[in-house]
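Here is my_file07.cif, consisting of mmCIF, C-alpha atoms:
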data_start
loop_
_atom_site.group_PDB
_atom_site.id
_atom_site.type_symbol
_atom_site.label_atom_id
_atom_site.label_comp_id
_atom_site.auth_asym_id
_atom_site.auth_seq_id
_atom_site.Cartn_x
_atom_site.Cartn_y
_atom_site.Cartn_z
ATOM 1 C CA TRP A 247 0.000 0.000 0.000
ATOM 2 C CA ARG A 248 1.132 3.461 -0.784
ATOM 3 C CA SER A 249 -0.222 6.757 0.484
ATOM 4 C CA LEU A 250 -0.790 9.933 -1.453
ATOM 5 C CA LYS A 251 -0.018 12.693 1.016
ATOM 6 C CA VAL A 252 -1.476 16.125 0.434
ATOM 7 C CA LYS A 253 0.691 18.995 1.655
ATOM 8 C CA SER A 254 -1.751 21.892 1.987
ATOM 9 C CA SER A 255 -5.432 22.724 1.892
ATOM 10 C CA ASP A 256 -4.895 24.784 -1.297
ATOM 11 C CA LEU A 257 -3.369 21.738 -2.964
ATOM 12 C CA LEU A 258 -6.179 19.528 -1.660
ATOM 13 C CA GLU A 259 -8.739 21.946 -3.129
ATOM 14 C CA SER A 260 -6.913 21.843 -6.468
ATOM 15 C CA VAL A 261 -6.907 18.024 -6.486
ATOM 16 C CA VAL A 262 -10.606 17.884 -5.559
ATOM 17 C CA ASN A 263 -11.428 20.418 -8.296
ATOM 18 C CA GLN A 264 -9.590 18.291 -10.872
ATOM 19 C CA LEU A 265 -10.954 14.910 -9.757
ATOM 20 C CA LEU A 266 -14.481 16.140 -8.995
ATOM 21 C CA PRO A 267 -15.028 19.155 -11.249
ATOM 22 C CA PHE A 268 -18.072 21.374 -11.291
ATOM 23 C CA PRO A 269 -20.396 21.086 -14.290
ATOM 24 C CA VAL A 270 -19.812 23.571 -17.101
ATOM 25 C CA ARG A 271 -23.498 24.501 -17.247
ATOM 26 C CA PHE A 272 -27.022 23.238 -16.578
ATOM 27 C CA ARG A 273 -29.780 22.333 -19.022
ATOM 28 C CA GLN A 274 -33.361 22.783 -17.864
ATOM 29 C CA ILE A 275 -35.183 19.480 -18.375
ATOM 30 C CA TRP A 276 -38.620 20.291 -16.905
ATOM 31 C CA ASN A 277 -40.576 22.890 -15.010
ATOM 32 C CA GLN A 278 -43.945 23.322 -13.346
ATOM 33 C CA GLN A 279 -45.075 26.887 -12.718
ATOM 34 C CA ARG A 280 -48.397 26.310 -11.010
ATOM 35 C CA GLY A 281 -49.208 26.567 -7.327
ATOM 36 C CA LYS A 282 -47.387 28.533 -4.622
ATOM 37 C CA GLU A 283 -43.839 27.801 -5.779
ATOM 38 C CA PRO A 284 -42.612 27.188 -9.322
ATOM 39 C CA PHE A 285 -40.397 24.118 -9.721
ATOM 40 C CA PHE A 286 -37.492 23.854 -12.191
ATOM 41 C CA VAL A 287 -35.299 20.793 -12.770
ATOM 42 C CA TRP A 288 -31.799 21.067 -14.208
ATOM 43 C CA LYS A 289 -29.403 18.498 -15.608
ATOM 44 C CA PRO A 290 -25.722 19.267 -14.911
ATOM 45 C CA ILE A 291 -23.448 19.026 -17.970
ATOM 46 C CA PRO A 292 -19.992 17.559 -17.190
ATOM 47 C CA PRO A 293 -16.846 19.324 -18.467
ATOM 48 C CA SER A 294 -15.752 16.419 -20.684
ATOM 49 C CA PRO A 295 -16.644 12.822 -21.611
ATOM 50 C CA GLU A 296 -14.266 11.656 -18.848
ATOM 51 C CA PHE A 297 -16.847 12.746 -16.226
ATOM 52 C CA VAL A 298 -20.498 12.013 -15.453
ATOM 53 C CA CYS A 299 -23.190 13.637 -13.356
ATOM 54 C CA LEU A 300 -25.233 11.316 -11.184
ATOM 55 C CA GLY A 301 -28.500 13.191 -10.696
ATOM 56 C CA VAL A 302 -30.315 16.483 -11.234
ATOM 57 C CA VAL A 303 -30.747 19.771 -9.360
ATOM 58 C CA ALA A 304 -34.123 21.372 -8.556
ATOM 59 C CA THR A 305 -34.764 25.078 -7.973
ATOM 60 C CA THR A 306 -37.714 27.390 -7.441
ATOM 61 C CA THR A 307 -36.469 29.993 -9.929
ATOM 62 C CA GLU A 308 -35.984 29.969 -13.679
ATOM 63 C CA ASP A 309 -32.338 30.944 -13.189
ATOM 64 C CA PRO A 310 -29.890 28.056 -13.527
ATOM 65 C CA PRO A 311 -28.397 26.878 -10.225
ATOM 66 C CA SER A 312 -24.883 27.827 -9.207
ATOM 67 C CA LYS A 313 -22.291 25.619 -10.908
ATOM 68 C CA THR A 314 -20.757 25.016 -7.477
ATOM 69 C CA CYS A 315 -23.867 23.310 -6.048
ATOM 70 C CA VAL A 316 -22.926 19.891 -7.449
ATOM 71 C CA ARG A 317 -19.825 18.065 -8.659
ATOM 72 C CA CYS A 318 -19.157 15.603 -11.442
ATOM 73 C CA VAL A 319 -17.355 12.304 -10.887
ATOM 74 C CA PRO A 320 -14.773 10.551 -13.060
ATOM 75 C CA LYS A 321 -16.494 8.125 -15.411
ATOM 76 C CA ALA A 322 -13.937 5.554 -14.281
ATOM 77 C CA TRP A 323 -15.473 5.716 -10.776
ATOM 78 C CA ALA A 324 -19.005 5.101 -12.059
ATOM 79 C CA VAL A 325 -20.863 2.330 -13.842
ATOM 80 C CA PRO A 326 -24.087 2.382 -15.821
ATOM 81 C CA THR A 327 -26.832 1.462 -13.389
ATOM 82 C CA THR A 328 -28.856 -1.711 -13.782
ATOM 83 C CA PHE A 329 -31.539 -0.216 -11.527
ATOM 84 C CA LYS A 330 -34.937 -0.057 -13.224
ATOM 85 C CA PRO A 331 -36.290 3.524 -12.864
ATOM 86 C CA LYS A 332 -39.172 3.811 -10.373
ATOM 87 C CA MET A 333 -41.756 6.571 -10.632
ATOM 88 C CA VAL A 334 -42.213 8.409 -7.330
ATOM 89 C CA TRP A 335 -44.471 11.261 -8.524
ATOM 90 C CA ASP A 336 -46.425 12.418 -11.526
ATOM 91 C CA ASP A 337 -48.473 15.504 -12.206
ATOM 92 C CA THR A 338 -51.820 13.722 -12.526
ATOM 93 C CA GLY A 339 -54.431 16.131 -11.210
ATOM 94 C CA ALA A 340 -51.969 19.012 -10.906
ATOM 95 C CA GLY A 341 -52.601 20.434 -14.365
ATOM 96 C CA GLY A 342 -49.979 22.234 -16.372
ATOM 97 C CA ARG A 343 -47.070 20.606 -18.140
ATOM 98 C CA ALA A 344 -47.015 16.786 -17.923
ATOM 99 C CA GLY A 345 -44.069 15.419 -15.959
ATOM 100 C CA SER A 346 -42.929 12.678 -13.617
ATOM 101 C CA ILE A 347 -40.125 12.140 -11.093
ATOM 102 C CA TRP A 348 -38.156 8.887 -11.144
ATOM 103 C CA VAL A 349 -35.581 7.278 -8.843
ATOM 104 C CA ILE A 350 -32.834 6.216 -11.254
ATOM 105 C CA ASN A 351 -30.196 4.310 -9.282
ATOM 106 C CA SER A 352 -29.552 2.400 -6.071
ATOM 107 C CA MET A 353 -28.253 5.620 -4.471
ATOM 108 C CA GLY A 354 -31.803 7.046 -4.573
ATOM 109 C CA LEU A 355 -30.935 9.847 -7.000
ATOM 110 C CA MET A 356 -33.700 11.137 -9.233
ATOM 111 C CA THR A 357 -34.509 12.647 -12.571
ATOM 112 C CA VAL A 358 -37.606 14.260 -14.057
ATOM 113 C CA VAL A 359 -39.033 13.588 -17.487
ATOM 114 C CA PRO A 360 -41.741 15.350 -19.486
ATOM 115 C CA GLY A 361 -44.743 13.026 -19.582
ATOM 116 C CA HIS A 362 -45.142 9.767 -17.694
ATOM 117 C CA LYS A 363 -42.947 7.289 -19.577
ATOM 118 C CA ALA A 364 -39.847 5.927 -17.839
ATOM 119 C CA PRO A 365 -36.603 7.750 -18.666
ATOM 120 C CA GLU A 366 -34.535 6.011 -21.331
ATOM 121 C CA GLU A 367 -31.151 7.705 -21.072
ATOM 122 C CA GLU A 368 -28.169 6.011 -19.434
ATOM 123 C CA PHE A 369 -27.752 6.722 -15.716
ATOM 124 C CA TYR A 370 -24.796 5.987 -13.473
ATOM 125 C CA GLU A 371 -23.929 5.100 -9.931
ATOM 126 C CA MET A 372 -20.652 4.771 -8.094
ATOM 127 C CA VAL A 373 -18.601 1.613 -8.625
ATOM 128 C CA MET A 374 -18.215 1.346 -4.843
ATOM 129 C CA PRO A 375 -19.946 3.167 -1.987
ATOM 130 C CA ARG A 376 -16.537 4.036 -0.498
ATOM 131 C CA PHE A 377 -13.327 4.570 -2.376
ATOM 132 C CA PHE A 378 -9.767 5.705 -1.983
ATOM 133 C CA LEU A 379 -7.578 7.599 -4.388
ATOM 134 C CA GLN A 380 -5.644 4.933 -6.302
ATOM 135 C CA ALA A 381 -2.454 5.173 -8.357
ATOM 136 C CA CYS A 382 -4.545 5.163 -11.563
ATOM 137 C CA ASP A 383 -6.450 8.213 -10.241
ATOM 138 C CA TYR A 384 -3.159 10.008 -9.698
ATOM 139 C CA GLN A 385 -2.189 9.050 -13.263
ATOM 140 C CA LEU A 386 -5.442 10.677 -14.454
ATOM 141 C CA LEU A 387 -4.426 13.875 -12.663
ATOM 142 C CA VAL A 388 -1.047 13.757 -14.399
ATOM 143 C CA LYS A 389 -2.725 13.079 -17.762
ATOM 144 C CA ILE A 390 -5.019 16.086 -17.512
ATOM 145 C CA GLY A 391 -2.189 18.284 -16.255
ATOM 146 C CA ALA A 392 -3.500 18.852 -12.738
ATOM 147 C CA VAL A 393 -0.229 17.698 -11.153
ATOM 148 C CA GLY A 394 3.278 16.909 -12.293
ATOM 149 C CA GLY A 395 4.339 13.297 -12.780
ATOM 150 C CA GLY A 396 6.631 12.507 -9.877
ATOM 151 C CA GLY A 397 6.295 8.755 -9.581
ATOM 152 C CA ALA A 398 3.955 6.527 -7.607
ATOM 153 C CA ASN A 399 5.132 7.766 -4.187
ATOM 154 C CA ALA A 400 4.916 11.443 -5.062
ATOM 155 C CA SER A 401 2.397 13.638 -3.355
ATOM 156 C CA ALA A 402 -0.240 15.434 -5.356
ATOM 157 C CA GLY A 403 2.144 18.367 -5.560
ATOM 158 C CA GLY A 404 4.933 16.253 -6.977
ATOM 159 C CA ALA A 405 7.086 16.252 -3.816
ATOM 160 C CA GLY A 406 7.266 13.386 -1.365
ATOM 161 C CA THR A 407 6.386 15.432 1.688
ATOM 162 C CA SER A 408 3.473 14.782 3.994
ATOM 163 C CA SER A 409 1.084 16.395 6.428
ATOM 164 C CA GLY A 410 -2.178 15.514 8.098
ATOM 165 C CA ALA A 411 -4.388 14.891 5.036
ATOM 166 C CA SER A 412 -3.909 11.683 3.094
ATOM 167 C CA THR A 413 -5.793 9.329 0.869
ATOM 168 C CA SER A 414 -4.743 5.707 0.779
ATOM 169 C CA GLY A 415 -4.519 3.632 -2.355
ATOM 170 C CA GLY A 416 -3.517 0.116 -3.296
ATOM 171 C CA GLU A 417 -0.582 -0.969 -5.388
#
Turn this file's structure into structure tokens for me.
Amino acid sequence: WRSLKVKSSDLLESVVNQLLPFPVRFRQIWNQQRGKEPFFVWKPIPPSPEFVCLGVVATTTEDPPSKTCVRCVPKAWAVPTTFKPKMVWDDTGAGGRAGSIWVINSMGLMTVVPGHKAPEEEFYEMVMPRFFLQACDYQLLVKIGAVGGGGANASAGGAGTSSGASTSGGE
């Protein structure tokens, strides 16, 4: 076992921002503007095909949510779900634009679709419920230029120094 030691909180923030980036934007996928509060649902758009977003974000305004309200995960850390979507709400009797809310993975994350048919797009969930930064994850950081390549024992900053924060990985 080897440990990836992170030297400072600024460096840790940089690593987190590279491994778990914010979406580049949101796409509104449904809204309901009847009743006391309007309801808008947004799909986060990942920064590249190397990342996925696991769910959606809901707001009560027509303005897109802040990009910092959710993070994307590396596609390598996720797998397409085999969970069959389950409807948890539909607008029957509410009037307005037809829509339904569906649980889409074993993590209980949801999406909304116009109408009442089950969503057909591919959804993801995490490969494991708990994970540690592995050597291959560090190699991804090197590949995308987030850190310098300093060997398997190098810290995220490229030097072999250590402090309190660390993430363990296997060989």
Matched chain/residue IDs from the PyMOL selection byres ((chain A and resi 356) around 9), as a PyMOL selection string: chain A and resi 300-302+331+347-351+354-355+357-358
At a cut-off of 7 Å, can you tabulate as JSON lines every residue of segment 312-402 of chain A near segment 272-293 of chain A together with its closest atom pair and the distance in Å to one decimal, using only C-alpha atoms and ordering rows by chain then number?
{"residue": "A:Cys318", "atom": "CA", "partner": "A:Pro292", "partner_atom": "CA", "distance": 6.1}
{"residue": "A:Gly342", "atom": "CA", "partner": "A:Gln278", "partner_atom": "CA", "distance": 6.8}
{"residue": "A:Arg343", "atom": "CA", "partner": "A:Gln278", "partner_atom": "CA", "distance": 6.3}
{"residue": "A:Val358", "atom": "CA", "partner": "A:Trp276", "partner_atom": "CA", "distance": 6.7}
{"residue": "A:Val359", "atom": "CA", "partner": "A:Trp276", "partner_atom": "CA", "distance": 6.7}
{"residue": "A:Pro360", "atom": "CA", "partner": "A:Trp276", "partner_atom": "CA", "distance": 6.4}
Provide the atom CA of Leu386 of chain A to atom CA of Met372 of chain A distance in Å, to one decimal place.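 Result for atom CA of Leu386 of chain A versus atom CA of Met372 of chain A: 17.5 Å, one decimal.
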Quick one: apply the PyMOL selection byres ((chain A and resi 295) around 12) to the file and drop the selected residues here as a list in words.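 When the PyMOL selection byres ((chain A and resi 295) around 12) is applied, the selected residues are Pro269, Ile291, Pro292, Pro293, Ser294, Glu296, Phe297, Val298, Cys299, Cys318, Val319, Pro320, Lys321 and Ala322 of chain A.
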Between atom CA of Ala364 of chain A and atom CA of Ser346 of chain A, measure the distance and give it in Å to one decimal. 8.5 Å
Counting only C-alpha atoms, figure out which residue out of A:Val325, A:Lys330, A:Trp335, A:Gln385 gets nearest to Tyr370 of chain A. A:Val325
Compare A:Leu266, A:Ser255, A:Gly361, A:Cys382 by their minimum atom-to-atom distance to Gly341 of chain A, counting all atoms listed in the file, and give me the closest one. A:Gly361
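Relative to atom CA of Thr327 of chain A, atom CA of Glu368 of chain A is found at 7.7 Å.
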Go through the shown structure with the PyMOL selection byres ((chain A and resi 375) around 12) and write out the matching residues as number ranges by chain. A: 323-325, 352-353, 371-374, 376-378
Dump of C-alpha atoms for the selected residues, as a compact mmCIF listing (two decimals), keeping the file's coordinate frame:
# COMPACT_ATOMS: atom_id res chain seq x y z
CA TRP A 323 -15.47 5.72 -10.78
CA ALA A 324 -19.00 5.10 -12.06
CA VAL A 325 -20.86 2.33 -13.84
CA SER A 352 -29.55 2.40 -6.07
CA MET A 353 -28.25 5.62 -4.47
CA GLU A 371 -23.93 5.10 -9.93
CA MET A 372 -20.65 4.77 -8.09
CA VAL A 373 -18.60 1.61 -8.62
CA MET A 374 -18.22 1.35 -4.84
CA ARG A 376 -16.54 4.04 -0.50
CA PHE A 377 -13.33 4.57 -2.38
CA PHE A 378 -9.77 5.70 -1.98
Would you fill the gaps in segment 370-386 of chain A so it has N, CA, C and O atoms, then print it as a tab-separated table (two decimals), in the frame of the given file?
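part19.tsv written:
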chain	number	residue	atom	x	y	z
A	370	TYR	N	-25.97	6.58	-14.11
A	370	TYR	CA	-24.80	5.99	-13.47
A	370	TYR	C	-24.96	5.93	-11.96
A	370	TYR	O	-25.78	6.63	-11.38
A	371	GLU	N	-24.12	5.09	-11.37
A	371	GLU	CA	-23.93	5.10	-9.93
A	371	GLU	C	-22.47	4.78	-9.66
A	371	GLU	O	-21.74	4.38	-10.57
A	372	MET	N	-22.05	4.98	-8.43
A	372	MET	CA	-20.65	4.77	-8.09
A	372	MET	C	-20.31	3.29	-8.15
A	372	MET	O	-21.13	2.44	-7.80
A	373	VAL	N	-19.07	2.99	-8.57
A	373	VAL	CA	-18.60	1.61	-8.62
A	373	VAL	C	-18.65	1.01	-7.23
A	373	VAL	O	-19.08	-0.12	-7.04
A	374	MET	N	-18.23	1.79	-6.23
A	374	MET	CA	-18.22	1.35	-4.84
A	374	MET	C	-18.77	2.46	-3.97
A	374	MET	O	-18.61	3.64	-4.29
A	375	PRO	N	-19.41	2.11	-2.85
A	375	PRO	CA	-19.95	3.17	-1.99
A	375	PRO	C	-18.85	3.96	-1.28
A	375	PRO	O	-19.06	5.11	-0.90
A	376	ARG	N	-17.69	3.38	-1.11
A	376	ARG	CA	-16.54	4.04	-0.50
A	376	ARG	C	-15.34	3.80	-1.39
A	376	ARG	O	-15.20	2.72	-1.95
A	377	PHE	N	-14.49	4.77	-1.52
A	377	PHE	CA	-13.33	4.57	-2.38
A	377	PHE	C	-12.17	5.40	-1.87
A	377	PHE	O	-12.34	6.33	-1.09
A	378	PHE	N	-11.00	5.02	-2.32
A	378	PHE	CA	-9.77	5.70	-1.98
A	378	PHE	C	-9.07	6.09	-3.27
A	378	PHE	O	-9.21	5.40	-4.28
A	379	LEU	N	-8.33	7.17	-3.22
A	379	LEU	CA	-7.58	7.60	-4.39
A	379	LEU	C	-6.51	6.55	-4.69
A	379	LEU	O	-5.68	6.24	-3.85
A	380	GLN	N	-6.56	5.98	-5.88
A	380	GLN	CA	-5.64	4.93	-6.30
A	380	GLN	C	-4.56	5.52	-7.21
A	380	GLN	O	-4.68	6.64	-7.69
A	381	ALA	N	-3.54	4.73	-7.48
A	381	ALA	CA	-2.45	5.17	-8.36
A	381	ALA	C	-3.00	5.56	-9.74
A	381	ALA	O	-2.55	6.54	-10.32
A	382	CYS	N	-3.98	4.84	-10.24
A	382	CYS	CA	-4.54	5.16	-11.56
A	382	CYS	C	-5.25	6.52	-11.53
A	382	CYS	O	-5.28	7.23	-12.53
A	383	ASP	N	-5.81	6.90	-10.37
A	383	ASP	CA	-6.45	8.21	-10.24
A	383	ASP	C	-5.39	9.31	-10.29
A	383	ASP	O	-5.59	10.35	-10.90
A	384	TYR	N	-4.26	9.06	-9.65
A	384	TYR	CA	-3.16	10.01	-9.70
A	384	TYR	C	-2.67	10.14	-11.15
A	384	TYR	O	-2.40	11.23	-11.62
A	385	GLN	N	-2.61	9.01	-11.86
A	385	GLN	CA	-2.19	9.05	-13.26
A	385	GLN	C	-3.16	9.88	-14.10
A	385	GLN	O	-2.75	10.58	-15.01
A	386	LEU	N	-4.46	9.83	-13.77
A	386	LEU	CA	-5.44	10.68	-14.45
A	386	LEU	C	-5.14	12.15	-14.21
A	386	LEU	O	-5.19	12.96	-15.12
